[in-house]
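Participant: The file below is target_27.cif, mmCIF, C-alpha atoms:
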data_model
#
loop_
_atom_site.label_atom_id
_atom_site.label_comp_id
_atom_site.auth_asym_id
_atom_site.auth_seq_id
_atom_site.Cartn_x
_atom_site.Cartn_y
_atom_site.Cartn_z
CA MET D 23 0.00 0.00 0.00
CA THR D 24 1.28 3.45 -0.87
CA ASP D 25 0.82 6.72 0.98
CA LEU D 26 -1.21 7.85 -2.02
CA GLY D 27 -3.66 5.03 -1.43
CA MET D 28 -4.19 6.27 2.09
CA ALA D 29 -3.94 10.03 2.05
CA ALA D 30 -4.92 11.28 -1.38
CA TYR D 31 -8.62 11.11 -0.55
CA GLY D 32 -8.66 12.80 2.84
CA ASP D 33 -9.77 10.52 5.63
CA LEU D 34 -11.94 8.05 3.68
CA ILE D 35 -9.21 5.44 3.41
CA GLY D 36 -9.29 2.35 1.23
CA ASP D 37 -8.71 1.00 -2.28
CA HIS D 38 -11.72 -1.29 -2.69
CA PRO D 39 -13.81 -0.45 -5.78
CA SER D 40 -16.84 0.25 -3.60
CA ILE D 41 -14.99 2.86 -1.56
CA ARG D 42 -13.53 4.43 -4.70
CA ALA D 43 -17.07 4.77 -6.01
CA VAL D 44 -18.14 6.45 -2.76
CA ARG D 45 -15.28 8.95 -3.02
CA ALA D 46 -16.25 9.76 -6.62
CA LEU D 47 -19.89 10.20 -5.61
CA ILE D 48 -18.93 12.48 -2.71
CA ALA D 49 -17.01 14.74 -5.08
CA LYS D 50 -19.90 14.86 -7.56
CA VAL D 51 -22.52 15.57 -4.90
CA ALA D 52 -20.35 18.17 -3.16
CA ARG D 53 -19.98 20.21 -6.37
CA SER D 54 -23.69 19.98 -7.17
CA PRO D 55 -26.35 22.47 -5.99
CA ALA D 56 -28.26 19.65 -4.23
CA SER D 57 -29.76 21.00 -1.02
CA THR D 58 -30.43 17.59 0.56
CA VAL D 59 -28.22 14.50 0.80
CA LEU D 60 -29.02 11.21 2.52
CA ILE D 61 -26.23 8.94 3.81
CA TYR D 62 -26.84 5.28 4.56
CA GLY D 63 -24.41 3.11 6.49
CA GLU D 64 -24.11 0.67 9.36
CA THR D 65 -22.87 1.84 12.73
CA GLY D 66 -19.18 2.70 12.59
CA THR D 67 -18.86 2.96 8.80
CA GLY D 68 -18.07 6.68 8.85
CA LYS D 69 -21.30 8.52 8.04
CA GLY D 70 -20.16 11.64 9.88
CA LEU D 71 -16.85 11.55 8.01
CA VAL D 72 -18.62 11.35 4.65
CA ALA D 73 -20.88 14.26 5.61
CA ARG D 74 -17.84 16.40 6.44
CA MET D 75 -16.18 15.43 3.17
CA VAL D 76 -19.26 16.56 1.24
CA HIS D 77 -19.07 19.88 3.09
CA GLN D 78 -15.32 20.31 2.69
CA GLN D 79 -15.37 19.66 -1.05
CA SER D 80 -18.29 22.04 -1.67
CA SER D 81 -18.50 25.78 -2.22
CA ARG D 82 -19.73 25.98 1.38
CA ALA D 83 -16.44 24.75 2.83
CA GLN D 84 -15.55 28.12 4.36
CA GLU D 85 -18.86 28.28 6.22
CA ARG D 86 -20.01 26.35 9.27
CA PHE D 87 -20.61 22.62 9.45
CA VAL D 88 -23.18 22.06 12.21
CA ASP D 89 -23.47 18.51 13.55
CA VAL D 90 -26.76 17.48 15.20
CA ASN D 91 -27.29 14.02 16.70
CA CYS D 92 -31.07 13.63 16.65
CA ALA D 93 -30.92 10.71 19.08
CA ALA D 94 -29.10 12.81 21.69
CA ILE D 95 -31.63 15.66 21.91
CA PRO D 96 -34.80 15.07 23.97
CA PRO D 97 -37.96 15.44 21.86
CA SER D 98 -39.20 18.28 24.09
CA LEU D 99 -36.08 20.32 23.26
CA MET D 100 -35.68 19.44 19.58
CA GLU D 101 -37.70 22.36 18.17
CA SER D 102 -35.92 24.94 20.31
CA GLU D 103 -32.51 23.45 19.50
CA LEU D 104 -33.10 23.42 15.76
CA PHE D 105 -35.10 26.62 15.30
CA GLY D 106 -34.27 28.68 18.36
CA HIS D 107 -36.80 30.70 20.36
CA GLU D 108 -37.83 34.22 21.19
CA ARG D 109 -37.56 35.71 24.62
CA GLY D 110 -40.60 34.76 26.69
CA ALA D 111 -41.71 32.06 24.23
CA PHE D 112 -42.11 29.64 27.12
CA THR D 113 -41.32 29.39 30.81
CA GLY D 114 -37.58 29.77 31.28
CA ALA D 115 -36.97 31.47 27.92
CA ALA D 116 -35.30 34.51 29.48
CA GLN D 117 -33.62 35.60 26.26
CA LYS D 118 -33.69 35.01 22.54
CA LYS D 119 -31.80 31.94 21.33
CA THR D 120 -30.40 31.28 17.85
CA GLY D 121 -31.12 27.74 16.68
CA LEU D 122 -28.79 25.33 14.91
CA VAL D 123 -30.50 25.80 11.55
CA GLU D 124 -29.83 29.53 11.67
CA ALA D 125 -26.27 28.89 12.85
CA ALA D 126 -25.66 26.81 9.71
CA HIS D 127 -26.73 29.64 7.34
CA HIS D 128 -24.66 29.42 4.11
CA GLY D 129 -23.11 26.22 5.44
CA THR D 130 -24.15 22.60 6.10
CA LEU D 131 -26.45 21.10 8.72
CA PHE D 132 -25.76 17.42 9.41
CA LEU D 133 -28.70 15.54 10.95
CA ASP D 134 -27.29 12.27 12.22
CA GLU D 135 -29.67 9.45 13.25
CA ILE D 136 -32.52 11.20 11.42
CA ARG D 137 -34.79 8.24 12.09
CA GLU D 138 -34.85 9.16 15.80
CA MET D 139 -36.62 12.47 15.12
CA GLU D 140 -40.25 12.44 16.22
CA LEU D 141 -43.00 12.63 13.61
CA THR D 142 -44.05 16.14 14.69
CA GLN D 143 -40.53 17.46 14.20
CA GLN D 144 -40.27 15.57 10.91
CA THR D 145 -43.22 17.62 9.67
CA LYS D 146 -41.50 20.89 10.57
CA LEU D 147 -38.25 19.71 8.99
CA LEU D 148 -40.11 18.88 5.77
CA SER D 149 -41.53 22.41 5.66
CA LEU D 150 -38.04 23.82 6.15
CA LEU D 151 -36.60 21.70 3.34
CA ASP D 152 -39.37 22.78 0.97
CA THR D 153 -39.28 26.51 1.71
CA GLN D 154 -35.83 27.17 3.21
CA GLN D 155 -37.74 29.14 5.82
CA PHE D 156 -38.51 28.59 9.50
CA ARG D 157 -39.83 30.43 12.52
CA ARG D 158 -38.27 30.51 15.93
CA VAL D 159 -40.47 29.21 18.73
CA GLY D 160 -42.69 32.12 19.75
CA ALA D 161 -42.00 34.15 16.58
CA THR D 162 -44.49 35.25 13.91
CA ARG D 163 -42.13 36.16 11.07
CA PRO D 164 -40.28 33.52 9.08
CA ILE D 165 -36.51 33.56 8.63
CA ASP D 166 -34.91 32.69 5.29
CA VAL D 167 -31.84 30.44 5.33
CA ASP D 168 -29.48 28.98 2.77
CA VAL D 169 -28.44 25.59 4.14
CA ARG D 170 -27.45 22.25 2.69
CA PHE D 171 -29.06 19.48 4.74
CA ILE D 172 -27.25 16.16 5.07
CA ALA D 173 -29.13 13.40 6.91
CA ALA D 174 -27.73 10.03 7.96
CA THR D 175 -29.20 6.79 9.20
CA ASN D 176 -28.20 3.19 9.88
CA ARG D 177 -31.76 2.02 9.17
CA ILE D 178 -33.55 1.33 5.90
CA LEU D 179 -35.85 4.35 5.89
CA LEU D 180 -38.33 2.84 3.45
CA SER D 181 -38.96 0.06 5.98
CA GLU D 182 -39.46 2.72 8.66
CA VAL D 183 -41.99 4.43 6.38
CA ARG D 184 -43.92 1.19 5.97
CA GLU D 185 -43.95 0.72 9.75
CA GLY D 186 -45.31 4.22 10.24
CA ARG D 187 -42.23 5.48 12.07
CA PHE D 188 -41.02 7.88 9.37
CA ARG D 189 -42.95 10.28 7.18
CA GLU D 190 -43.22 9.13 3.57
CA ASP D 191 -43.09 12.66 2.15
CA LEU D 192 -39.95 13.47 4.14
CA TYR D 193 -38.37 10.22 2.98
CA TYR D 194 -38.82 11.13 -0.69
CA ARG D 195 -37.64 14.69 -0.01
CA LEU D 196 -34.40 13.39 1.50
CA GLN D 197 -33.92 10.60 -1.02
CA VAL D 198 -33.02 12.92 -3.92
CA VAL D 199 -29.33 12.06 -3.62
CA SER D 200 -28.16 9.16 -1.43
CA ILE D 201 -24.70 7.86 -0.58
CA ASN D 202 -24.40 4.24 0.59
CA ILE D 203 -21.28 3.42 2.61
CA PRO D 204 -20.27 -0.25 2.38
CA PRO D 205 -19.59 -2.18 5.61
CA LEU D 206 -15.98 -3.05 6.37
CA ARG D 207 -16.60 -6.79 5.90
CA ALA D 208 -17.43 -6.10 2.23
CA ARG D 209 -14.27 -4.11 1.52
CA GLY D 210 -11.70 -6.92 1.18
CA GLU D 211 -8.13 -5.86 1.85
CA ASP D 212 -9.20 -2.40 3.01
CA VAL D 213 -9.21 -3.75 6.56
CA LEU D 214 -5.41 -4.09 6.36
CA ILE D 215 -5.01 -0.66 4.76
CA LEU D 216 -7.04 0.87 7.57
CA ALA D 217 -5.14 -1.13 10.18
CA GLU D 218 -1.85 0.22 8.85
CA HIS D 219 -3.25 3.74 8.94
CA PHE D 220 -4.39 3.42 12.55
CA ILE D 221 -1.09 1.81 13.60
CA ARG D 222 0.75 4.85 12.20
CA LYS D 223 -1.67 7.15 13.98
CA PHE D 224 -1.31 5.41 17.35
CA ASN D 225 2.46 5.04 17.01
CA ALA D 226 2.60 8.83 16.88
CA ARG D 227 0.05 9.33 19.66
CA TYR D 228 1.54 6.82 22.11
CA ASP D 229 5.20 7.14 21.06
CA ARG D 230 5.35 3.47 20.10
CA ARG D 231 7.15 1.56 17.33
CA ILE D 232 4.66 -1.18 16.48
CA SER D 233 5.60 -2.42 13.01
CA GLY D 234 2.25 -3.93 12.01
CA LEU D 235 0.33 -7.21 12.05
CA THR D 236 1.77 -10.70 11.96
CA PRO D 237 0.58 -12.79 8.99
CA ALA D 238 -1.67 -14.79 11.33
CA ALA D 239 -3.25 -11.66 12.79
CA ALA D 240 -3.75 -10.22 9.31
CA ASP D 241 -5.58 -13.39 8.33
CA VAL D 242 -7.90 -13.06 11.35
CA PHE D 243 -8.57 -9.42 10.41
CA ARG D 244 -9.58 -10.54 6.90
CA GLN D 245 -11.95 -13.23 8.18
CA TYR D 246 -13.60 -11.33 11.05
CA ARG D 247 -17.03 -9.79 10.28
CA TRP D 248 -16.37 -6.42 12.03
CA PRO D 249 -19.95 -5.71 13.15
CA GLY D 250 -18.75 -2.36 14.51
CA ASN D 251 -16.99 -1.61 11.21
CA VAL D 252 -14.15 0.94 11.06
CA ARG D 253 -14.89 2.29 14.53
CA GLU D 254 -14.51 -1.19 16.02
CA LEU D 255 -11.20 -1.68 14.19
CA GLU D 256 -9.83 1.65 15.39
CA ASN D 257 -10.89 1.05 18.99
CA LEU D 258 -9.43 -2.47 18.99
CA LEU D 259 -6.05 -1.25 17.78
CA GLU D 260 -5.97 1.58 20.30
CA ARG D 261 -6.73 -0.93 23.07
CA ILE D 262 -3.80 -3.07 21.93
CA PHE D 263 -1.50 -0.02 21.94
CA ILE D 264 -2.53 0.77 25.50
CA LEU D 265 -2.41 -2.73 26.97
CA GLU D 266 0.22 -4.69 25.05
CA GLU D 267 3.99 -4.26 25.02
CA ASP D 268 5.07 -6.23 21.95
CA ASP D 269 6.28 -4.47 18.79
CA GLU D 270 4.06 -6.52 16.49
CA ILE D 271 0.36 -7.29 16.76
CA ASP D 272 -0.29 -11.02 16.94
CA VAL D 273 -3.37 -13.22 17.29
CA ALA D 274 -2.72 -13.55 21.03
CA HIS D 275 -3.39 -9.82 21.41
CA LEU D 276 -6.91 -10.12 19.99
CA PRO D 277 -9.98 -10.68 22.20
CA SER D 278 -11.15 -14.27 22.40
CA ARG D 279 -14.57 -13.30 20.96
CA ILE D 280 -12.86 -12.32 17.68
CA ARG D 281 -10.78 -15.49 17.52
CA ARG D 282 -13.84 -17.61 18.27
CA ASP D 283 -15.79 -15.82 15.55
CA VAL D 284 -13.25 -16.73 12.88
CA GLY D 285 -12.67 -20.24 14.23
CA ASP D 286 -9.12 -19.53 15.38
CA LEU D 287 -9.99 -20.37 19.00
CA PRO D 288 -11.77 -23.76 19.09
CA ALA D 289 -13.92 -24.91 21.96
CA GLN D 290 -11.23 -27.46 22.85
CA ALA D 291 -8.03 -25.49 23.25
CA VAL D 292 -4.45 -26.74 23.03
CA ASP D 293 -3.64 -29.91 24.96
CA GLY D 294 -7.15 -30.24 26.35
CA LEU D 295 -7.21 -26.92 28.20
CA ALA D 296 -10.78 -26.01 27.32
CA TRP D 297 -11.50 -22.90 29.39
CA ASP D 298 -10.99 -19.21 28.76
CA VAL D 299 -10.29 -17.54 32.09
CA ASP D 300 -12.26 -14.44 31.00
CA SER D 301 -15.30 -16.67 30.54
CA VAL D 302 -15.18 -18.49 33.86
CA LEU D 303 -17.96 -16.41 35.39
CA GLU D 304 -20.21 -17.26 32.43
CA ALA D 305 -19.93 -21.01 33.10
CA PRO D 306 -22.16 -22.82 35.63
CA MET D 307 -20.52 -23.69 38.92
CA PRO D 308 -20.64 -27.28 40.18
CA ASP D 309 -23.63 -28.17 42.31
CA LEU D 310 -23.11 -27.87 46.05
CA PRO D 311 -24.08 -30.87 48.21
CA GLU D 312 -27.46 -30.37 49.86
CA PRO D 313 -27.43 -30.73 53.66
CA ALA D 314 -29.88 -33.41 54.75
CA GLY D 315 -31.96 -31.14 56.97
CA ASP D 316 -29.05 -30.44 59.33
CA THR D 317 -28.20 -26.78 59.93
CA GLY D 318 -25.33 -27.44 62.26
CA ALA D 319 -21.78 -28.75 61.91
CA ALA D 320 -22.82 -31.52 59.55
CA ALA D 321 -24.25 -28.98 57.12
CA ASP D 322 -21.08 -26.90 57.26
CA ALA D 323 -19.02 -29.99 56.55
CA ALA D 324 -21.23 -30.83 53.59
CA VAL D 325 -20.76 -27.38 52.08
CA MET D 326 -16.98 -27.68 52.41
CA ALA D 327 -16.87 -31.19 50.97
CA PRO D 328 -14.98 -31.75 47.69
CA ALA D 329 -17.13 -31.73 44.55
CA ARG D 330 -16.43 -32.95 41.07
CA MET D 331 -15.15 -30.29 38.67
CA PRO D 332 -15.87 -30.42 34.92
CA GLN D 333 -13.36 -32.50 33.02
CA ALA D 334 -11.34 -30.95 30.22
CA ALA D 335 -12.49 -31.92 26.75
CA SER D 336 -9.56 -34.26 26.19
CA GLY D 337 -10.03 -36.14 29.42
CA GLY D 338 -9.08 -33.67 32.12
CA ALA D 339 -5.31 -33.97 32.18
CA GLY D 340 -4.86 -30.22 32.59
CA VAL D 341 -7.35 -29.52 35.37
CA PRO D 342 -7.64 -31.54 38.60
CA ALA D 343 -10.68 -33.79 38.69
CA THR D 344 -11.67 -32.40 42.09
CA CYS D 345 -11.20 -29.17 43.93
CA ALA D 346 -12.66 -27.74 47.09
CA VAL D 347 -15.93 -25.89 46.63
CA TRP D 348 -15.94 -22.92 48.96
CA SER D 349 -18.96 -21.39 50.63
CA ASP D 350 -18.13 -17.98 49.09
CA PHE D 351 -18.85 -17.65 45.36
CA HIS D 352 -15.91 -15.32 44.63
CA THR D 353 -13.49 -17.52 46.54
CA ALA D 354 -14.62 -20.52 44.50
CA THR D 355 -14.28 -18.78 41.14
CA ASN D 356 -10.89 -17.32 42.09
CA HIS D 357 -9.72 -20.79 43.07
CA PHE D 358 -10.92 -22.16 39.73
CA GLN D 359 -9.12 -19.40 37.80
CA GLU D 360 -5.94 -19.93 39.81
CA THR D 361 -6.02 -23.66 39.02
CA LEU D 362 -6.33 -23.00 35.29
CA ILE D 363 -3.59 -20.37 35.25
CA ARG D 364 -1.10 -22.43 37.28
CA ASP D 365 -1.74 -25.42 35.03
CA ALA D 366 -1.14 -23.32 31.89
CA LEU D 367 2.06 -21.84 33.34
CA ALA D 368 3.30 -25.33 34.20
CA ARG D 369 2.61 -26.52 30.66
CA ALA D 370 4.38 -23.47 29.23
CA LYS D 371 7.32 -23.93 31.64
CA GLY D 372 6.76 -20.45 33.05
CA ASN D 373 6.53 -18.68 29.67
CA GLN D 374 3.69 -16.21 30.18
CA THR D 375 3.15 -15.50 26.49
CA GLU D 376 2.76 -19.21 25.73
CA ALA D 377 0.55 -19.72 28.78
CA ALA D 378 -1.66 -16.85 27.67
CA GLY D 379 -2.04 -18.51 24.29
CA LEU D 380 -3.10 -21.78 25.92
CA LEU D 381 -5.76 -19.93 27.90
CA GLY D 382 -7.01 -17.88 24.97
CA LEU D 383 -5.88 -14.63 26.61
CA SER D 384 -3.58 -11.79 25.71
CA ARG D 385 -0.40 -11.63 27.77
CA HIS D 386 -1.66 -8.45 29.43
CA ALA D 387 -4.90 -10.14 30.47
CA LEU D 388 -2.95 -13.05 31.92
CA ARG D 389 -0.74 -10.67 33.92
CA HIS D 390 -3.85 -8.91 35.19
CA HIS D 391 -5.33 -12.19 36.46
CA MET D 392 -2.01 -13.24 38.01
CA LEU D 393 -1.74 -9.97 39.94
CA LYS D 394 -5.38 -10.24 41.05
CA LEU D 395 -4.85 -13.81 42.28
CA ASP D 396 -1.32 -13.11 43.68
CA ILE D 397 0.26 -15.75 41.44
CA ARG D 398 4.02 -15.26 41.26
#
Here is a file; write its structure as structure tokens.

Facilitator:
Amino acid sequence: MTDLGMAAYGDLIGDHPSIRAVRALIAKVARSPASTVLIYGETGTGKGLVARMVHQQSSRAQERFVDVNCAAIPPSLMESELFGHERGAFTGAAQKKTGLVEAAHHGTLFLDEIREMELTQQTKLLSLLDTQQFRRVGATRPIDVDVRFIAATNRILLSEVREGRFREDLYYRLQVVSINIPPLRARGEDVLILAEHFIRKFNARYDRRISGLTPAAADVFRQYRWPGNVRELENLLERIFILEEDDEIDVAHLPSRIRRDVGDLPAQAVDGLAWDVDSVLEAPMPDLPEPAGDTGAAADAAVMAPARMPQAASGGAGVPATCAVWSDFHTATNHFQETLIRDALARAKGNQTEAAGLLGLSRHALRHHMLKLDIR
């Protein structure tokens, strides 16, 4: 990958044909006089980034870009936030307020999560789109504005229309020009291009010298579905920069949920060690013996009696067949974790990186558990 492939197109990074088509469409839409643009994309695909690119490549670039998250504004405040209000318009309106629509005059107003806007406010937005006029709450005279409206959603709006949750007329008003951002799982090798970009970014931020991904880690990145898309990838890599100390990102540094998803971490781990320490609390504990109606010393003895532990998938060579079941839940789970970790360390002859791999943990996670359990 060349620097050109990463930087020539601003921050929308990638070489997949679908992302090249999105970049070309952004440029075309930005130069057009279109007053409304609709952006579709799953969570984490970069809808806000695309909206800013449309603004930056347009004749409005020197004016304001106003970002509004419709899901973050309570319905009771939406009208005042968008349109502003006059002094005395309602209780607590001590002075006139300029709304976000007016603040975006000559610029761009980005309405993220447009689906979350209530139907009443959708009606007022439709009127604004049609007339480029609005009235502040409590005002009688309309105000003219020149604004490009960019809306974004991670839902299929036509389905929302059919369910009665989104106005049909507003849908068709917004649908004049639409930009569809592909999910990361559909972008092939772009996941590695983006990973390299974020590694450079975090090397600079954290003063590190991580060289990149091992071939095995790169293969996992290609196979993983990335439900959180680019945002998930970026957050994962930043987590690795913070927690891990190695100079190359390997499979062992990835969360077990990712390795399980791609089949890299089977249910039966190496040498019969079939438990992930991070998942111990999700597994059922062995049944405690029931005291036979005795609430005295006999009952206490029954609770402290040894109980059978689950056997490892290969026959239980790695984990003792029995261990004491303690009356305190946390003591019992800590004892179980300690048994697994000591067994893995013994198998790895004290090598923590190898032991972490046997347990399906990163080395940092293993160290964390060892400190918590006072294993030296």

Participant: Separation of CA of Asn225 (chain D) and CA of Pro249 (chain D), in Å?

Facilitator: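 According to the coordinates, CA of Asn225 (chain D) and CA of Pro249 (chain D) are separated by 25.2 Å.
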
Participant: How far is it from CA of Gln117 (chain D) to CA of Arg163 (chain D), in Å with one decimal?

Facilitator: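 These atoms are spaced 17.4 Å apart.
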
Participant: Hey, which of D:Gly70, D:Gly121, D:Gly250, D:Gly186 ends up closest to Arg137 (chain D)? Count all atoms listed in the file.

Facilitator: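 Checking each candidate against Arg137 (chain D), we get D:Gly186 as the closest.
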
Participant: For the structure shown, which residues end up in the PyMOL selection byres ((chain D and resi 244) around 9)? Put them as an NGL selection string, please?

Facilitator: :D and (207 or 210-211 or 213-214 or 239-243 or 245-247)

Participant: Identify which of the residues D:His128, D:Ala377, D:Lys118, D:Gln359 lies closest to Ser81 (chain D), counting all atoms listed in the file when measuring atom-to-atom distances.

Facilitator: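 Of all the options, D:His128 lies closest to Ser81 (chain D).
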
Participant: So, with all atoms listed in the file as the atoms that count, which of D:Val44, D:Ala368, D:Leu122, D:Ala387 lies closest to Ser200 (chain D)?

Facilitator: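 The closest residue to Ser200 (chain D) is D:Val44.
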
Participant: Which is closer to Leu148 (chain D) than all the others in D:Thr355, D:Thr130, D:Thr175, D:Thr58, using all atoms listed in the file?

Facilitator: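 Ranked by minimum distance to Leu148 (chain D), first place goes to D:Thr58.
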
Participant: Please expand the PyMOL selection byres ((chain D and resi 90-102) around 6) into the concrete residues it hits in this file, giving the result as a short mmCIF file (atom, residue, chain, number, x, y, z; two decimals) with C-alpha atoms, in the frame of the given file.

Facilitator:
data_model
loop_
_atom_site.label_atom_id
_atom_site.label_comp_id
_atom_site.auth_asym_id
_atom_site.auth_seq_id
_atom_site.Cartn_x
_atom_site.Cartn_y
_atom_site.Cartn_z
CA ASP D 89 -23.47 18.51 13.55
CA GLU D 103 -32.51 23.45 19.50
CA LEU D 104 -33.10 23.42 15.76
CA PHE D 105 -35.10 26.62 15.30
CA GLY D 106 -34.27 28.68 18.36
CA HIS D 107 -36.80 30.70 20.36
CA PHE D 132 -25.76 17.42 9.41
CA LEU D 133 -28.70 15.54 10.95
CA ASP D 134 -27.29 12.27 12.22
CA GLU D 135 -29.67 9.45 13.25
CA ILE D 136 -32.52 11.20 11.42
CA GLU D 138 -34.85 9.16 15.80
CA MET D 139 -36.62 12.47 15.12
#

Participant: CA of Leu395 (chain D) and CA of Leu383 (chain D), how far apart in Å?

Facilitator: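 So the answer is 15.7 Å.
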
Participant: Skip His38 (chain D) itself and residues of its chain fewer than 4 positions away, then list as a PyMOL selection string all residues within 9 Å of it, counting all atoms listed in the file.

Facilitator: chain D and resi 42-43+208-212

Participant: I'd like to know which of D:Arg385, D:Phe156, D:Arg170, D:Phe220 is closest to Glu267 (chain D), using only C-alpha atoms.

Facilitator: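 With only C-alpha atoms as the atom set, the closest residue is D:Arg385.
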
Participant: Might you spell out which residues the PyMOL selection byres ((chain D and resi 203) around 6) would select in the displayed file, as a count of residues only?

Facilitator: 3

Participant: Compare D:Leu192, D:Gly160, D:Ile172, D:Gln144 by their minimum atom-to-atom distance to Ile48 (chain D), counting all atoms listed in the file, and give me the closest one.

Facilitator: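 Closest candidate: D:Ile172.
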
Participant: Produce the centre coordinates and the three edge lengths, each in Å to one decimal, of the box along x, y and z that contains all listed atoms of region 152-156 of chain D with 5 Å added on each side, as AutoDock Vina command-line options.

Facilitator:
--center_x -37.6 --center_y 26.0 --center_z 5.2 --size_x 13.5 --size_y 16.4 --size_z 18.5

Participant: Quick one: everything within 12 Å of Val51 (chain D), counting all atoms listed in the file, minus sequence neighbours fewer than 6 positions away in the same chain. Send it as number ranges by chain.

Facilitator: D: 44-45, 57-61, 72-73, 75-81, 170, 172, 198-201

Participant: Need to verify the contact set: Tyr194 (chain D), 10 Å, all atoms listed in the file, exclusion of same-chain residues closer than 5 positions in sequence. Can you return it as a PyMOL selection string?

Facilitator: chain D and resi 179-180+189+199

Participant: Please list as a list in words every residue within 10 Å of Leu255 (chain D), counting all atoms listed in the file and excluding residues in the same chain fewer than 2 positions away.

Facilitator: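 In the requested format, the answer is Gly66, Leu206, Val213, Leu216, Ala217, Phe220, Phe243, Trp248, Pro249, Gly250, Asn251, Val252, Arg253, Asn257, Leu258, Leu259, Glu260 and Arg261 of chain D.
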